[in-house]
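**Q** Right, I'll just put the structure down here and ask away after.
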Amino acid sequence: MARKRKLKLHGFNNLTKTLSFNIYDICYARSKEEVSSYIEYIDEAYNAERLTNILTDVVDIIGANILNIAHQDYDPQGASVTMLISEEPIAAEKLSNTEAPGPLPDSVVMHLDKSHVTVHTYPESHPENGISTFRADIDVSTCGRISPLKALNYLIHSFDSDIVTLDYRVRGFTRDVNGKKHFTDHNINSIQNYLAADTKRRYQMIDVNVYQENLFHTKMLLKDFNLDSYLFGVDADDIPPKEQRLIVEALKREMLEIFYGRNIPKGMKLM
């Protein structure tokens, strides 16, 4: 097989590649006290310090340098972290954009160049139906040769997520030595190709891609449903069967509405 020639650029690679990673964790809490305890728990579990540690691990994995960190916990709940980062020149020469899952934190596989990583959390609950939904939004943006998709495997394993939405987009252009514009510098047909096998087994997935615009979108919904995993402060065995069925219906409706991005009328049969 003929060896593929490397793209020779005129100056710096000006392509901007951004991965937007949104996770949702769903919970049922029966009383106001349980709701308050859940929000307090999730707010502590994903406080600014822990989120900073997660993003620091991401930066280590991708071989980048942290230039600046801003982090903040909010009252009554929520947290944000923003990191400005720059590339690691030594690691950058060993990196690949091939469609394959990225590693966990024990390997360095890519770099970011003069860009940023951000995370924002949104714990919320409904005062009547007992459903609480925690959301975290993470953006990994690069300006250079490497795609941030290689950080995806680590990020998914860092959060316990019922629903994940992923957006990847390439913006701008770079020029080769002959002056020709290049609007992307790597082949991609699905974000799913960057996901590890265990993740693919656990989630139902749907793709919505616009190839000609370099836009890629994947939605993920956890396949297995165990009621005990969604209850806070109580076990399923302590709840009467009829109430269990109502709770399961409410939880599944919440998850499907988030997954499909629309409200589902009550009475409609759920999966």
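Starting from 1 in every chain, residues are counted up; chains themselves are A, B, ... following the order of the structure tokens, and ligands are numbered from 1 as listed.
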Taking the DSSP secondary structure from the backbone, can you list the residues of segment 14-233 of chain A that are strand (DSSP E or B), as a PyMOL selection string?
**A** chain A and resi 16-28+65-73+79-86+115-125+131-143+163-171+174-176+181-182+203-210+215-222+231
**Q** Quick one, how far is atom CA of Asp198 of chain A from atom CA of Thr165 of chain A?
**A**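 Separating atom CA of Asp198 of chain A from atom CA of Thr165 of chain A is a distance of 17.2 Å.
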**Q** At a cut-off of 6 Å, using only C-alpha atoms, what residues contact segment 68-80 of chain A? Leave out same-chain residues fewer than 5 positions from it and give the result as a VMD selection string.
**A** chain A and resid 47 to 48 119 to 122
**Q** Output the selection as an mmCIF file, in the first residue's frame - all heavy atoms for each residue.
**A**
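Saved to again05.cif:
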```
data_model
loop_
_atom_site.group_PDB
_atom_site.id
_atom_site.type_symbol
_atom_site.label_atom_id
_atom_site.label_comp_id
_atom_site.auth_asym_id
_atom_site.auth_seq_id
_atom_site.Cartn_x
_atom_site.Cartn_y
_atom_site.Cartn_z
ATOM 1 N N ASN A 47 -18.209 19.465 42.436
ATOM 2 C CA ASN A 47 -17.856 20.840 42.778
ATOM 3 C C ASN A 47 -16.691 21.311 41.915
ATOM 4 O O ASN A 47 -16.104 20.546 41.140
ATOM 5 C CB ASN A 47 -17.552 20.984 44.273
ATOM 6 C CG ASN A 47 -16.385 20.110 44.718
ATOM 7 O OD1 ASN A 47 -15.511 19.771 43.927
ATOM 8 N ND2 ASN A 47 -16.367 19.747 45.986
ATOM 9 N N ALA A 48 -16.350 22.581 42.044
ATOM 10 C CA ALA A 48 -15.331 23.170 41.175
ATOM 11 C C ALA A 48 -13.980 22.481 41.334
ATOM 12 O O ALA A 48 -13.238 22.322 40.359
ATOM 13 C CB ALA A 48 -15.200 24.668 41.463
ATOM 14 N N VAL A 119 -16.094 23.621 31.660
ATOM 15 C CA VAL A 119 -17.186 22.794 32.164
ATOM 16 C C VAL A 119 -18.117 23.671 33.005
ATOM 17 O O VAL A 119 -17.657 24.548 33.745
ATOM 18 C CB VAL A 119 -16.668 21.598 32.988
ATOM 19 C CG1 VAL A 119 -15.831 22.046 34.170
ATOM 20 C CG2 VAL A 119 -17.830 20.728 33.470
ATOM 21 N N HIS A 120 -19.412 23.445 32.848
ATOM 22 C CA HIS A 120 -20.427 24.126 33.644
ATOM 23 C C HIS A 120 -21.446 23.077 34.089
ATOM 24 O O HIS A 120 -21.823 22.203 33.300
ATOM 25 C CB HIS A 120 -21.138 25.221 32.841
ATOM 26 C CG HIS A 120 -20.223 26.213 32.230
ATOM 27 N ND1 HIS A 120 -19.606 27.222 32.946
ATOM 28 C CD2 HIS A 120 -19.784 26.348 30.955
ATOM 29 C CE1 HIS A 120 -18.840 27.938 32.142
ATOM 30 N NE2 HIS A 120 -18.927 27.431 30.925
ATOM 31 N N THR A 121 -21.920 23.147 35.336
ATOM 32 C CA THR A 121 -22.896 22.185 35.835
ATOM 33 C C THR A 121 -24.221 22.878 36.140
ATOM 34 O O THR A 121 -24.260 24.055 36.489
ATOM 35 C CB THR A 121 -22.402 21.476 37.108
ATOM 36 O OG1 THR A 121 -22.335 22.420 38.196
ATOM 37 C CG2 THR A 121 -21.034 20.856 36.874
ATOM 38 N N TYR A 122 -25.307 22.083 35.999
ATOM 39 C CA TYR A 122 -26.656 22.619 36.195
ATOM 40 C C TYR A 122 -27.509 21.599 36.954
ATOM 41 O O TYR A 122 -28.271 20.841 36.347
ATOM 42 C CB TYR A 122 -27.310 22.933 34.844
ATOM 43 C CG TYR A 122 -26.506 23.859 33.969
ATOM 44 C CD1 TYR A 122 -25.551 23.353 33.089
ATOM 45 C CD2 TYR A 122 -26.696 25.242 34.011
ATOM 46 C CE1 TYR A 122 -24.804 24.204 32.281
ATOM 47 C CE2 TYR A 122 -25.963 26.089 33.198
ATOM 48 C CZ TYR A 122 -25.010 25.561 32.339
ATOM 49 O OH TYR A 122 -24.275 26.393 31.543
#
```
**Q** Quick one: residues within 10 Å of Phe21 of chain A, only C-alpha atoms counted, chain neighbours fewer than 2 positions away excluded, as a ChimeraX atom specification?
**A** /A:18-19,23,119,136-140,152,155-156,164-168,218
**Q** Can you tell me how far atom CA of Ile61 of chain A sits from atom CA of Leu149 of chain A, in Å to one decimal?
**A**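 Here the two named atoms are 11.9 Å from each other.
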**Q** Determine, counting only C-alpha atoms, which protein, DNA and RNA residues have an atom within 10 Å of an atom of segment 203-211 of chain A; residues of the same chain fewer than 2 positions away are not included. Present the result as a ChimeraX atom specification.
**A** /A:162-169,188-192,198-201,213-224,259-260
